[in-house]
>>> print(open('run.tsv').read())   # TSV, C-alpha atoms and all ligand atoms
chain	number	residue	atom	x	y	z
A	584	MET	CA	1.14	-126.39	37.67
A	585	LYS	CA	2.80	-125.53	40.97
A	586	LEU	CA	6.59	-125.25	41.04
A	587	ASP	CA	6.87	-128.04	43.64
A	588	GLN	CA	5.05	-130.40	41.27
A	589	GLN	CA	7.57	-129.88	38.47
A	590	PHE	CA	10.93	-131.40	37.72
A	591	ILE	CA	13.37	-131.27	34.84
A	592	ASP	CA	14.88	-134.49	33.52
A	593	ILE	CA	18.26	-133.67	31.96
A	594	GLY	CA	19.41	-137.27	31.78
A	595	ALA	CA	21.99	-137.05	34.58
A	596	THR	CA	22.53	-139.77	37.17
A	597	SER	CA	24.33	-137.93	39.98
A	598	ARG	CA	24.71	-134.55	41.64
A	599	ASP	CA	28.37	-134.43	40.52
A	600	GLU	CA	27.36	-135.03	36.92
A	601	VAL	CA	24.91	-132.12	37.08
A	602	ILE	CA	27.17	-129.62	38.83
A	603	LYS	CA	30.70	-130.59	37.79
A	604	GLU	CA	30.24	-132.10	34.33
A	605	LEU	CA	27.24	-130.22	33.01
A	606	GLY	CA	28.01	-126.99	34.88
A	607	ILE	CA	24.45	-126.53	36.10
A	608	ASP	CA	24.03	-125.09	39.60
A	609	ILE	CA	21.29	-123.98	42.00
A	610	GLY	CA	19.73	-120.72	40.85
A	611	ASP	CA	20.61	-121.08	37.16
A	612	PRO	CA	17.70	-119.75	35.10
A	613	ILE	CA	15.96	-121.88	32.47
A	614	ILE	CA	13.49	-121.12	29.69
A	615	PHE	CA	10.94	-123.09	27.74
A	616	GLU	CA	11.92	-123.53	24.10
A	617	HIS	CA	9.31	-122.10	21.75
A	618	SER	CA	10.15	-119.87	18.85
A	619	TYR	CA	7.98	-117.40	16.99
A	620	SER	CA	5.51	-118.71	14.41
A	621	PRO	CA	2.28	-117.63	12.72
A	622	LEU	CA	-0.86	-119.33	14.01
A	623	GLY	CA	-3.65	-120.04	11.56
A	624	LYS	CA	-4.45	-117.96	8.51
A	625	GLY	CA	-5.14	-114.62	10.19
A	626	ASP	CA	-3.06	-112.19	12.22
A	627	LEU	CA	-2.36	-114.46	15.19
A	628	VAL	CA	1.22	-115.30	16.11
A	629	VAL	CA	2.61	-117.48	18.89
A	630	SER	CA	5.87	-117.27	20.84
A	631	ARG	CA	7.18	-117.58	24.35
A	632	CYS	CA	7.74	-114.30	26.22
A	633	PHE	CA	5.41	-112.09	24.20
A	634	ASP	CA	4.80	-110.82	27.74
A	635	ASP	CA	6.44	-108.44	27.41
A	636	LYS	CA	8.70	-108.62	24.37
A	637	ILE	CA	5.74	-107.49	22.29
A	638	GLY	CA	5.64	-104.32	24.41
A	639	THR	CA	9.29	-103.70	23.63
A	640	PHE	CA	8.62	-104.29	19.93
A	641	ILE	CA	5.76	-101.77	20.06
A	642	ILE	CA	7.85	-98.99	21.62
A	643	ALA	CA	10.65	-99.63	19.12
A	644	GLU	CA	8.14	-99.33	16.28
A	645	VAL	CA	6.70	-96.15	17.81
A	646	LEU	CA	10.19	-94.61	17.91
A	647	ARG	CA	10.83	-95.66	14.30
A	648	LYS	CA	7.55	-94.11	13.10
A	649	LEU	CA	8.06	-90.91	15.13
A	650	LYS	CA	11.45	-90.31	13.54
A	651	GLY	CA	11.34	-87.25	11.30
A	652	THR	CA	7.81	-86.25	12.34
A	653	GLU	CA	6.71	-83.22	14.38
A	654	PHE	CA	6.03	-83.59	18.08
A	655	GLY	CA	6.32	-81.29	21.04
A	656	GLY	CA	8.23	-83.23	23.68
A	657	SER	CA	11.13	-85.60	24.00
A	658	VAL	CA	10.34	-89.30	23.97
A	659	HIS	CA	12.21	-91.90	25.99
A	660	ALA	CA	11.63	-95.61	25.46
A	661	VAL	CA	12.40	-98.05	28.22
A	662	SER	CA	12.35	-101.82	28.21
A	663	THR	CA	12.15	-102.65	31.90
A	664	THR	CA	13.45	-105.62	33.84
A	665	GLN	CA	11.69	-107.56	36.62
A	666	GLU	CA	8.16	-106.27	35.96
A	667	GLU	CA	6.74	-109.63	36.96
A	668	ILE	CA	8.29	-109.51	40.44
A	669	GLY	CA	7.18	-106.06	41.50
A	670	THR	CA	7.67	-103.65	38.56
A	671	ARG	CA	11.20	-103.14	39.84
A	672	GLY	CA	12.82	-101.91	36.62
A	673	ALA	CA	10.07	-99.35	36.10
A	674	ILE	CA	10.76	-97.85	39.53
A	675	THR	CA	14.41	-97.11	38.76
A	676	SER	CA	13.98	-96.21	35.08
A	677	SER	CA	11.07	-93.80	35.72
A	678	TYR	CA	13.11	-92.11	38.43
A	679	SER	CA	15.95	-91.66	35.97
A	680	VAL	CA	13.87	-90.45	33.00
A	681	ASN	CA	11.67	-88.25	35.25
A	682	PRO	CA	8.85	-87.94	32.70
A	683	GLN	CA	5.74	-85.76	32.71
A	684	VAL	CA	3.79	-88.47	30.92
A	685	GLY	CA	4.32	-92.22	30.99
A	686	ILE	CA	2.70	-94.87	28.82
A	687	ALA	CA	3.01	-98.50	29.87
A	688	TYR	CA	2.55	-101.28	27.32
A	689	ASP	CA	1.78	-104.73	28.60
A	690	VAL	CA	-0.17	-107.77	27.56
A	691	THR	CA	-3.66	-108.20	28.91
A	692	PHE	CA	-5.82	-111.32	29.15
A	693	ALA	CA	-8.05	-111.94	26.14
A	694	SER	CA	-11.38	-113.47	27.08
A	695	ASP	CA	-12.00	-115.36	23.82
A	696	SER	CA	-10.39	-118.70	24.66
A	697	PRO	CA	-11.91	-121.66	26.56
A	698	ASP	CA	-9.72	-121.13	29.65
A	699	MET	CA	-11.07	-117.62	30.27
A	700	LYS	CA	-14.39	-116.37	31.63
A	701	GLU	CA	-15.82	-113.08	30.40
A	702	SER	CA	-17.60	-112.66	33.73
A	703	ASP	CA	-14.20	-112.70	35.48
A	704	ILE	CA	-12.11	-110.45	33.25
A	705	GLY	CA	-14.54	-108.60	30.96
A	706	ILE	CA	-14.80	-108.95	27.19
A	707	ILE	CA	-11.41	-108.53	25.53
A	708	LYS	CA	-11.03	-109.92	22.03
A	709	MET	CA	-8.00	-110.84	19.95
A	710	GLY	CA	-8.08	-108.49	16.95
A	711	GLY	CA	-10.41	-106.07	18.73
A	712	GLY	CA	-7.79	-103.31	18.77
A	713	PRO	CA	-5.82	-101.58	21.54
A	714	VAL	CA	-7.03	-102.11	25.09
A	715	ILE	CA	-7.20	-98.70	26.75
A	716	VAL	CA	-7.22	-99.15	30.50
A	717	ARG	CA	-9.01	-96.80	32.89
A	718	GLY	CA	-9.03	-96.60	36.67
A	719	PRO	CA	-7.20	-94.93	39.57
A	720	ASN	CA	-3.81	-95.88	38.15
A	721	ILE	CA	-4.57	-94.00	34.94
A	722	ASN	CA	-4.59	-90.26	34.32
A	723	PRO	CA	-8.12	-89.40	33.08
A	724	ILE	CA	-6.95	-86.68	30.66
A	725	LEU	CA	-4.42	-89.03	29.08
A	726	PHE	CA	-7.09	-91.75	28.96
A	727	ASP	CA	-9.45	-89.38	27.09
A	728	LEU	CA	-6.63	-88.44	24.72
A	729	PHE	CA	-6.14	-92.10	23.78
A	730	VAL	CA	-9.87	-92.77	23.35
A	731	ASN	CA	-10.54	-89.61	21.33
A	732	THR	CA	-7.50	-90.24	19.12
A	733	ALA	CA	-8.66	-93.82	18.44
A	734	LYS	CA	-12.05	-92.42	17.42
A	735	GLU	CA	-10.40	-89.87	15.12
A	736	LEU	CA	-8.35	-92.61	13.49
A	737	ASP	CA	-11.53	-94.66	13.06
A	738	MET	CA	-9.78	-97.50	14.85
A	739	PRO	CA	-11.43	-100.24	16.90
A	740	TYR	CA	-10.46	-100.14	20.57
A	741	GLN	CA	-11.44	-101.92	23.77
A	742	LEU	CA	-11.86	-100.57	27.30
A	743	LEU	CA	-10.75	-102.33	30.44
A	744	ALA	CA	-11.54	-101.14	33.94
A	745	ALA	CA	-8.75	-101.63	36.49
A	746	PRO	CA	-10.21	-100.55	39.85
A	747	ARG	CA	-6.92	-100.58	41.76
A	748	ALA	CA	-3.16	-100.60	41.09
A	749	THR	CA	-2.62	-102.59	37.88
A	750	GLY	CA	-0.23	-105.52	37.69
A	751	THR	CA	1.92	-103.56	35.26
A	752	ASP	CA	4.65	-100.93	35.20
A	753	ALA	CA	1.88	-98.29	35.09
A	754	ARG	CA	1.51	-98.54	38.85
A	755	SER	CA	5.14	-97.58	39.46
A	756	ILE	CA	5.36	-94.98	36.72
A	757	GLN	CA	2.34	-93.18	38.20
A	758	MET	CA	3.96	-92.82	41.62
A	759	THR	CA	7.39	-91.73	40.41
A	760	ARG	CA	8.79	-88.72	42.29
A	761	SER	CA	5.86	-86.25	42.63
A	762	GLY	CA	3.61	-88.18	40.23
A	763	VAL	CA	3.44	-88.90	36.51
A	764	ALA	CA	0.38	-88.76	34.23
A	765	THR	CA	0.19	-92.41	33.27
A	766	ALA	CA	-1.62	-94.45	30.63
A	767	LEU	CA	-1.75	-98.20	30.19
A	768	ILE	CA	-2.25	-99.80	26.81
A	769	GLY	CA	-2.98	-103.51	26.79
A	770	ILE	CA	-2.11	-105.97	24.04
A	771	PRO	CA	-4.76	-108.74	24.00
A	772	ASN	CA	-2.98	-112.00	24.83
A	773	ARG	CA	-3.97	-115.64	25.09
A	774	TYR	CA	-2.21	-118.14	27.41
A	775	MET	CA	-0.28	-115.46	29.30
A	776	HIS	CA	2.77	-116.65	31.26
A	777	SER	CA	2.95	-119.90	29.29
A	778	MET	CA	5.53	-120.82	26.64
A	779	SER	CA	2.87	-120.44	23.96
A	780	GLU	CA	1.64	-116.89	24.30
A	781	VAL	CA	-0.52	-115.63	21.43
A	782	VAL	CA	-0.99	-112.05	20.21
A	783	ASN	CA	-2.64	-110.55	17.15
A	784	LEU	CA	-0.50	-108.46	14.79
A	785	PHE	CA	-3.46	-106.26	13.83
A	786	ASP	CA	-3.75	-105.22	17.48
A	787	VAL	CA	0.00	-104.56	17.59
A	788	ASP	CA	-0.18	-102.42	14.47
A	789	MET	CA	-3.13	-100.42	15.79
A	790	ILE	CA	-1.38	-99.81	19.13
A	791	VAL	CA	1.68	-98.44	17.31
A	792	ARG	CA	-0.46	-96.14	15.12
A	793	LEU	CA	-2.52	-94.92	18.08
A	794	SER	CA	0.56	-94.26	20.22
A	795	VAL	CA	2.32	-92.28	17.50
A	796	ALA	CA	-0.78	-90.12	17.00
A	797	VAL	CA	-1.16	-89.50	20.75
A	798	ILE	CA	2.52	-88.59	21.22
A	799	GLN	CA	2.30	-86.17	18.29
A	800	LYS	CA	-0.52	-84.34	20.13
A	801	ILE	CA	1.27	-83.97	23.47
A	802	THR	CA	2.95	-80.62	24.06
A	803	LYS	CA	5.14	-79.36	26.90
A	804	GLU	CA	2.41	-76.90	27.92
A	805	MET	CA	-0.34	-79.52	28.15
A	806	SER	CA	-1.81	-79.94	31.63
A	807	PHE	CA	-2.74	-83.38	32.84
A	808	ILE	CA	-4.24	-82.19	36.11
A	809	PRO	CA	-7.77	-83.64	36.19
A	810	LYS	CA	-10.50	-80.98	36.22
A	901	ZN	ZN	3.05	-110.88	32.79
>>> encode(input="run.tsv", output="structure tokens")
Amino acid sequence: MKLDQQFIDIGATSRDEVIKELGIDIGDPIIFEHSYSPLGKGDLVVSRCFDDKIGTFIIAEVLRKLKGTEFGGSVHAVSTTQEEIGTRGAITSSYSVNPQVGIAYDVTFASDSPDMKESDIGIIKMGGGPVIVRGPNINPILFDLFVNTAKELDMPYQLLAAPRATGTDARSIQMTRSGVATALIGIPNRYMHSMSEVVNLFDVDMIVRLSVAVIQKITKEMSFIPK
């Protein structure tokens, strides 16, 4: 529904009542109320703002699982602001962290619901495992590292082709300073940008496991210059 077709009824009868008595003014943000809950008997869960709170949860889990293990680099986790209006937080945070490798985590459209067409977006299933994105935004060596590691872990995964700049932080991370080897991992998601976004906890778990294994393989000496 278009913004100019929507209104919010808060029960007020005058402008003064809204601004002076209720303290609501032009530009105040609002949210839809919808808390987290399991959906059905399987691994599906529903909440508002899984895009991209689930990405933040994943990187926090990755940090937790990396703690005390061996790996060859230093890992920075960033939860960015304003991704939806031009990946703005990723621009400033990537500049500050100045990484050699960047991995973006964002929800991606699942095709297995009635409002989606496989012929438009490809076949992406809830519970089908991590979505490993490939395309000009993605470093091919890092892409191969993710795919080969998923195979080694005997983990289901899904591929998604993104033939131009993706609508995620990956597009800004890649072009930071003199360039960053960038990967994009998608979390299959139904009803994106609604107050009832759905993700699958099996997918989330697999993405965490895959990311930990990939980070443990990356060394400071590793070259990501495509051959
Ligand atoms: Zn989004």
>>> residues_near_ligand(input="run.tsv", ligand="ligand ZN 901 (chain A)", cutoff="8 Å", atoms="all atoms listed in the file", output="ChimeraX atom specification")
/A:634-635,666-667,689-690,750-751,775-776
>>> closest_residue(input="run.tsv", among="A:Ala660, A:Ala595, A:Cys632, A:Ile801", to="Glu644 (chain A)", atoms="all atoms listed in the file")
A:Ala660
>>> atom_distance(input="run.tsv", atom1="CA of Ser794 (chain A)", atom2="CA of Leu742 (chain A)")
15.6 Å
>>> residues_around(input="run.tsv", residues="Arg747 (chain A)", least_positions_apart="3", cutoff="10 Å", atoms="all atoms listed in the file", output="PyMOL selection string")
chain A and resi 717-721+744+750+754
>>> atom_distance(input="run.tsv", atom1="CA of Asn772 (chain A)", atom2="CA of Ser618 (chain A)")
16.4 Å
>>> closest_residue(input="run.tsv", among="A:Gln799, A:Asn783, A:Ser777, A:Ser696", to="Met584 (chain A)", atoms="all atoms listed in the file")
A:Ser777
>>> axis_aligned_box(input="run.tsv", around="region 662-679 of chain A", padding_each_side="5 Å", output="AutoDock Vina command-line options")
--center_x 11.3 --center_y -100.6 --center_z 34.9 --size_x 19.2 --size_y 28.0 --size_z 23.3
>>> closest_atom_pairs(input="run.tsv", of="region 627-696 of chain A", to="region 763-771 of chain A", cutoff="10 Å", atoms="only C-alpha atoms", output="CSV")
residue,atom,partner,partner_atom,distance
A:Phe633,CA,A:Ile770,CA,9.7
A:Asp634,CA,A:Ile770,CA,9.2
A:Asp635,CA,A:Ile770,CA,9.5
A:Ile637,CA,A:Ile770,CA,8.2
A:Gly638,CA,A:Ile770,CA,7.9
A:Ile641,CA,A:Ile770,CA,9.8
A:Ser677,CA,A:Val763,CA,9.1
A:Asn681,CA,A:Val763,CA,8.4
A:Pro682,CA,A:Val763,CA,6.7
A:Gln683,CA,A:Val763,CA,5.4
A:Val684,CA,A:Ala764,CA,4.8
A:Gly685,CA,A:Thr765,CA,4.7
A:Ile686,CA,A:Ala766,CA,4.7
A:Ala687,CA,A:Leu767,CA,4.8
A:Tyr688,CA,A:Ile768,CA,5.0
A:Asp689,CA,A:Gly769,CA,5.2
A:Val690,CA,A:Ile770,CA,4.4
A:Thr691,CA,A:Pro771,CA,5.1
A:Phe692,CA,A:Pro771,CA,5.9
A:Ala693,CA,A:Pro771,CA,5.1
A:Ser694,CA,A:Pro771,CA,8.7
A:Asp695,CA,A:Pro771,CA,9.8
>>> write_last_selection(input="run.tsv", atoms="C-alpha atoms", output="compact mmCIF listing (two decimals), keeping the file's coordinate frame")
# COMPACT_ATOMS: atom_id res chain seq x y z
CA PHE A 633 5.41 -112.09 24.20
CA ASP A 634 4.80 -110.82 27.74
CA ASP A 635 6.44 -108.44 27.41
CA ILE A 637 5.74 -107.49 22.29
CA GLY A 638 5.64 -104.32 24.41
CA ILE A 641 5.76 -101.77 20.06
CA SER A 677 11.07 -93.80 35.72
CA ASN A 681 11.67 -88.25 35.25
CA PRO A 682 8.85 -87.94 32.70
CA GLN A 683 5.74 -85.76 32.71
CA VAL A 684 3.79 -88.47 30.92
CA GLY A 685 4.32 -92.22 30.99
CA ILE A 686 2.70 -94.87 28.82
CA ALA A 687 3.01 -98.50 29.87
CA TYR A 688 2.55 -101.28 27.32
CA ASP A 689 1.78 -104.73 28.60
CA VAL A 690 -0.17 -107.77 27.56
CA THR A 691 -3.66 -108.20 28.91
CA PHE A 692 -5.82 -111.32 29.15
CA ALA A 693 -8.05 -111.94 26.14
CA SER A 694 -11.38 -113.47 27.08
CA ASP A 695 -12.00 -115.36 23.82
